[in-house]
Amino acid sequence: MEPTQTLARRFWVAIEPIHSIVYFAPEPLEAAKKTGLRGFWMSYFAGRVAPLGPVPALAVEAMTYGFAPAMVARAIPDAWRFASPSAVLEARLSSAPEALRLHVGEPGLTAAGELADLLWEAVAGCRFDGRPLAAAWAAVPRPDDPVAAMWLAATVLREHRGDGHVLAGVASGLRGLDATVTFVATGAISRDLIQPTRGWSDEDWSASVRRLRTRGLLDSGGRLTKTGGALRREVEDLTDRLAAGPVERLGSTGVERAIELAAPVSRHLIDTGVMPVPNPIGLPRP
């Protein structure tokens, strides 16, 4: 089941790899390790929430939604004993543009300034009601470096969309794991790929399947029922509607120009193997 390719969704697909280089390139992980953080997942959770300060595990669990609480608890709050949020944030802000320059190259980033301007204009169209991650990243000052500015704006926009996706899932009565199980049931991603990266046990997964069957969302074979398919489409449609503010701010011409500039950068990251497809984000090649 493919979601409708709205302008908001096409915009996200085009810019997501620019943000997500911090998860797949080695330089951001090395920078995080130098702050004192230990391992990929501690760096992942601390890096995502760093602008919020030393938040506790329960808050991080709420914001990252699809991850198992036990997985978050292994990283937070221990991360703050090893590195301050400000140090983690600085490491991310410096290593992301470094990784983009290394893996895309300066010739591929000649339009970074124009794209950064477009993305920051889109950020001006964001509303942050119920969007803590996006609001925190939006409060980070825009860097003077155009590549860093491009990355930061892409980050605000993807967290804005991601926070909205959480709101859509919760509004549909889905727990974080339930949202993941129904996503797998669409055929967009495999269980083998996403379950280990979200930290859920087989017992957790089976309990979610039982809940979803009780609601009439999955059939006995683990496939979406008609009701389940409708609910899943509504989650995706609502996610797009909640992400409409930046698109409306730019207008169709501005969004198409941003996609035109961002897509080659994102395709390069995918085609050179920096960001794999398929991936645990469920992101296709732009």
# chains A, B, ... in the order shown; residues from 1 in each chain; ligands from 1
>>> closest_atom_pairs(of="region 84-127 of chain A", to="region 19-33 of chain A", cutoff="12 Å", atoms="only C-alpha atoms", output="JSON lines")
{"residue": "A:Ser84", "atom": "CA", "partner": "A:Ala32", "partner_atom": "CA", "distance": 11.0}
{"residue": "A:Pro85", "atom": "CA", "partner": "A:Ala32", "partner_atom": "CA", "distance": 10.9}
{"residue": "A:Ser86", "atom": "CA", "partner": "A:Ala32", "partner_atom": "CA", "distance": 11.6}
{"residue": "A:Ala87", "atom": "CA", "partner": "A:Ala32", "partner_atom": "CA", "distance": 8.7}
{"residue": "A:Val88", "atom": "CA", "partner": "A:Ala32", "partner_atom": "CA", "distance": 6.4}
{"residue": "A:Leu89", "atom": "CA", "partner": "A:Ala32", "partner_atom": "CA", "distance": 9.1}
{"residue": "A:Glu90", "atom": "CA", "partner": "A:Ala31", "partner_atom": "CA", "distance": 9.3}
{"residue": "A:Ala91", "atom": "CA", "partner": "A:Ala31", "partner_atom": "CA", "distance": 5.6}
{"residue": "A:Arg92", "atom": "CA", "partner": "A:Pro28", "partner_atom": "CA", "distance": 6.2}
{"residue": "A:Leu93", "atom": "CA", "partner": "A:Pro28", "partner_atom": "CA", "distance": 9.1}
{"residue": "A:Ser94", "atom": "CA", "partner": "A:Pro28", "partner_atom": "CA", "distance": 8.4}
{"residue": "A:Ser95", "atom": "CA", "partner": "A:Pro28", "partner_atom": "CA", "distance": 5.0}
{"residue": "A:Ala96", "atom": "CA", "partner": "A:Val22", "partner_atom": "CA", "distance": 5.9}
{"residue": "A:Pro97", "atom": "CA", "partner": "A:Ile21", "partner_atom": "CA", "distance": 9.3}
{"residue": "A:Glu98", "atom": "CA", "partner": "A:Glu27", "partner_atom": "CA", "distance": 7.5}
{"residue": "A:Ala99", "atom": "CA", "partner": "A:Glu27", "partner_atom": "CA", "distance": 5.9}
{"residue": "A:Leu100", "atom": "CA", "partner": "A:Ile21", "partner_atom": "CA", "distance": 7.3}
{"residue": "A:Arg101", "atom": "CA", "partner": "A:Ile21", "partner_atom": "CA", "distance": 11.0}
{"residue": "A:Leu102", "atom": "CA", "partner": "A:Glu27", "partner_atom": "CA", "distance": 9.3}
{"residue": "A:His103", "atom": "CA", "partner": "A:Ala25", "partner_atom": "CA", "distance": 8.3}
{"residue": "A:Val104", "atom": "CA", "partner": "A:Ile21", "partner_atom": "CA", "distance": 10.5}
>>> write_last_selection(atoms="N, CA and C atoms", output="PDB file, in the first residue's frame")
ATOM      1  N   SER A  84      27.564  16.624  28.145  1.00  0.00           N
ATOM      2  CA  SER A  84      26.494  17.607  28.328  1.00  0.00           C
ATOM      3  C   SER A  84      25.688  17.744  27.038  1.00  0.00           C
ATOM      4  N   PRO A  85      24.413  18.084  27.128  1.00  0.00           N
ATOM      5  CA  PRO A  85      23.626  18.303  25.908  1.00  0.00           C
ATOM      6  C   PRO A  85      24.252  19.351  24.984  1.00  0.00           C
ATOM      7  N   SER A  86      24.847  20.391  25.549  1.00  0.00           N
ATOM      8  CA  SER A  86      25.447  21.423  24.696  1.00  0.00           C
ATOM      9  C   SER A  86      26.626  20.870  23.913  1.00  0.00           C
ATOM     10  N   ALA A  87      27.416  19.991  24.536  1.00  0.00           N
ATOM     11  CA  ALA A  87      28.541  19.380  23.826  1.00  0.00           C
ATOM     12  C   ALA A  87      28.047  18.446  22.723  1.00  0.00           C
ATOM     13  N   VAL A  88      26.995  17.698  23.021  1.00  0.00           N
ATOM     14  CA  VAL A  88      26.414  16.792  22.026  1.00  0.00           C
ATOM     15  C   VAL A  88      25.855  17.592  20.847  1.00  0.00           C
ATOM     16  N   LEU A  89      25.174  18.682  21.154  1.00  0.00           N
ATOM     17  CA  LEU A  89      24.605  19.521  20.097  1.00  0.00           C
ATOM     18  C   LEU A  89      25.707  20.111  19.231  1.00  0.00           C
ATOM     19  N   GLU A  90      26.748  20.621  19.839  1.00  0.00           N
ATOM     20  CA  GLU A  90      27.842  21.205  19.067  1.00  0.00           C
ATOM     21  C   GLU A  90      28.500  20.156  18.183  1.00  0.00           C
ATOM     22  N   ALA A  91      28.664  18.952  18.702  1.00  0.00           N
ATOM     23  CA  ALA A  91      29.250  17.882  17.900  1.00  0.00           C
ATOM     24  C   ALA A  91      28.394  17.568  16.683  1.00  0.00           C
ATOM     25  N   ARG A  92      27.102  17.562  16.869  1.00  0.00           N
ATOM     26  CA  ARG A  92      26.203  17.273  15.743  1.00  0.00           C
ATOM     27  C   ARG A  92      26.222  18.409  14.721  1.00  0.00           C
ATOM     28  N   LEU A  93      26.208  19.643  15.194  1.00  0.00           N
ATOM     29  CA  LEU A  93      26.181  20.796  14.290  1.00  0.00           C
ATOM     30  C   LEU A  93      27.469  20.905  13.472  1.00  0.00           C
ATOM     31  N   SER A  94      28.578  20.440  14.032  1.00  0.00           N
ATOM     32  CA  SER A  94      29.839  20.513  13.300  1.00  0.00           C
ATOM     33  C   SER A  94      30.076  19.298  12.412  1.00  0.00           C
ATOM     34  N   SER A  95      29.645  18.125  12.872  1.00  0.00           N
ATOM     35  CA  SER A  95      29.938  16.903  12.113  1.00  0.00           C
ATOM     36  C   SER A  95      28.992  16.680  10.950  1.00  0.00           C
ATOM     37  N   ALA A  96      27.760  17.187  11.032  1.00  0.00           N
ATOM     38  CA  ALA A  96      26.817  16.990   9.927  1.00  0.00           C
ATOM     39  C   ALA A  96      27.303  17.668   8.643  1.00  0.00           C
ATOM     40  N   PRO A  97      27.661  18.968   8.670  1.00  0.00           N
ATOM     41  CA  PRO A  97      28.178  19.565   7.435  1.00  0.00           C
ATOM     42  C   PRO A  97      29.509  18.962   6.994  1.00  0.00           C
ATOM     43  N   GLU A  98      30.332  18.538   7.957  1.00  0.00           N
ATOM     44  CA  GLU A  98      31.579  17.862   7.598  1.00  0.00           C
ATOM     45  C   GLU A  98      31.282  16.603   6.790  1.00  0.00           C
ATOM     46  N   ALA A  99      30.309  15.812   7.269  1.00  0.00           N
ATOM     47  CA  ALA A  99      29.954  14.573   6.571  1.00  0.00           C
ATOM     48  C   ALA A  99      29.363  14.868   5.196  1.00  0.00           C
ATOM     49  N   LEU A 100      28.524  15.891   5.091  1.00  0.00           N
ATOM     50  CA  LEU A 100      27.942  16.239   3.795  1.00  0.00           C
ATOM     51  C   LEU A 100      29.029  16.652   2.809  1.00  0.00           C
ATOM     52  N   ARG A 101      29.972  17.449   3.257  1.00  0.00           N
ATOM     53  CA  ARG A 101      31.050  17.876   2.357  1.00  0.00           C
ATOM     54  C   ARG A 101      31.906  16.696   1.926  1.00  0.00           C
ATOM     55  N   LEU A 102      32.152  15.785   2.842  1.00  0.00           N
ATOM     56  CA  LEU A 102      32.992  14.638   2.532  1.00  0.00           C
ATOM     57  C   LEU A 102      32.302  13.668   1.579  1.00  0.00           C
ATOM     58  N   HIS A 103      31.017  13.398   1.824  1.00  0.00           N
ATOM     59  CA  HIS A 103      30.329  12.342   1.080  1.00  0.00           C
ATOM     60  C   HIS A 103      29.588  12.838  -0.161  1.00  0.00           C
ATOM     61  N   VAL A 104      29.286  14.127  -0.202  1.00  0.00           N
ATOM     62  CA  VAL A 104      28.665  14.702  -1.402  1.00  0.00           C
ATOM     63  C   VAL A 104      29.701  15.453  -2.222  1.00  0.00           C
TER      64      VAL A 104
END
>>> residues_around(residues="Arg232 (chain A)", least_positions_apart="6", cutoff="12 Å", atoms="only C-alpha atoms", output="PyMOL selection string")
chain A and resi 1-4+165+168-169+171-174+178-188+212+217-218+223-226+238-239
>>> residues_around(residues="Glu256 (chain A)", least_positions_apart="3", cutoff="10 Å", atoms="only C-alpha atoms", output="list in words")
Leu7, Arg10, Phe11, Val247, Leu250, Gly251, Ser252, Thr253, Ile259, Glu260, Leu261 and Ala262 of chain A
>>> residues_around(residues="Thr155 (chain A)", least_positions_apart="2", cutoff="9 Å", atoms="only C-alpha atoms", output="MDAnalysis selection string")
chainID A and resid 15:16 18:20 134 137:138 150:153 157:160
>>> write_last_selection(atoms="N, CA, C and O atoms", output="CSV table (one decimal), in the first residue's frame")
chain,number,residue,atom,x,y,z
A,15,ILE,N,14.3,15.8,1.2
A,15,ILE,CA,15.3,16.4,2.2
A,15,ILE,C,15.7,15.5,3.3
A,15,ILE,O,16.7,15.7,4.0
A,16,GLU,N,14.9,14.4,3.5
A,16,GLU,CA,15.2,13.5,4.7
A,16,GLU,C,16.7,13.0,4.6
A,16,GLU,O,17.3,13.0,5.7
A,18,ILE,N,19.3,14.3,3.7
A,18,ILE,CA,20.3,15.4,4.1
A,18,ILE,C,20.4,15.4,5.6
A,18,ILE,O,21.5,15.5,6.2
A,19,HIS,N,19.2,15.4,6.3
A,19,HIS,CA,19.2,15.3,7.7
A,19,HIS,C,19.9,14.0,8.2
A,19,HIS,O,20.7,13.9,9.1
A,20,SER,N,19.4,12.9,7.6
A,20,SER,CA,19.7,11.5,8.1
A,20,SER,C,21.2,11.1,7.9
A,20,SER,O,21.6,10.0,8.3
A,134,ALA,N,10.7,19.4,17.2
A,134,ALA,CA,10.9,20.4,16.1
A,134,ALA,C,11.1,21.8,16.8
A,134,ALA,O,11.9,22.6,16.3
A,137,TRP,N,14.7,22.1,18.0
A,137,TRP,CA,15.7,22.3,17.0
A,137,TRP,C,15.5,23.7,16.3
A,137,TRP,O,16.5,24.3,15.8
A,138,ALA,N,14.3,24.2,16.2
A,138,ALA,CA,14.0,25.5,15.6
A,138,ALA,C,14.6,26.6,16.4
A,138,ALA,O,14.9,27.7,15.9
A,150,MET,N,21.8,24.5,5.9
A,150,MET,CA,20.9,23.6,5.1
A,150,MET,C,20.6,22.4,5.9
A,150,MET,O,19.4,22.0,6.0
A,151,TRP,N,21.6,21.8,6.6
A,151,TRP,CA,21.3,20.6,7.4
A,151,TRP,C,20.4,20.9,8.6
A,151,TRP,O,19.4,20.2,8.8
A,152,LEU,N,20.6,22.0,9.3
A,152,LEU,CA,19.8,22.4,10.4
A,152,LEU,C,18.3,22.6,10.0
A,152,LEU,O,17.4,22.1,10.7
A,153,ALA,N,18.1,23.3,8.9
A,153,ALA,CA,16.7,23.6,8.5
A,153,ALA,C,16.1,22.2,8.1
A,153,ALA,O,14.9,22.0,8.4
A,157,LEU,N,12.6,20.6,9.8
A,157,LEU,CA,11.5,20.2,9.0
A,157,LEU,C,11.2,18.7,9.2
A,157,LEU,O,10.0,18.4,9.3
A,158,ARG,N,12.2,17.9,9.3
A,158,ARG,CA,11.9,16.5,9.4
A,158,ARG,C,11.4,16.2,10.8
A,158,ARG,O,10.5,15.3,11.0
A,159,GLU,N,11.9,16.9,11.8
A,159,GLU,CA,11.3,16.7,13.2
A,159,GLU,C,9.9,17.2,13.3
A,159,GLU,O,9.1,16.7,14.0
A,160,HIS,N,9.6,18.3,12.6
A,160,HIS,CA,8.3,18.8,12.5
A,160,HIS,C,7.3,17.8,11.9
A,160,HIS,O,6.2,17.5,12.5
>>> closest_residue(among="A:Leu119, A:Ala207, A:Leu269, A:Val235", to="Val166 (chain A)", atoms="only C-alpha atoms")
A:Val235
>>> select_by_dssp(residues="region 13-227 of chain A", states="alpha helix (DSSP H)", output="PyMOL selection string")
chain A and resi 13-24+26-35+39-49+57-64+69-73+79-82+85-104+112-123+132-138+146-171+176-185+191-198+202-214+226-227
>>> atom_distance(atom1="CA of Asp219 (chain A)", atom2="CA of Gln195 (chain A)")
20.0 Å
>>> atom_distance(atom1="CA of Val13 (chain A)", atom2="CA of Ser266 (chain A)")
8.7 Å
>>> residues_around(residues="Val49 (chain A)", least_positions_apart="6", cutoff="8 Å", atoms="only C-alpha atoms", output="MDAnalysis selection string")
chainID A and resid 55 60 133
>>> closest_residue(among="A:Leu115, A:Trp12, A:Pro77, A:Gly176", to="Pro146 (chain A)", atoms="only C-alpha atoms")
A:Leu115
>>> atom_distance(atom1="CA of Gly66 (chain A)", atom2="CA of Leu177 (chain A)")
5.6 Å
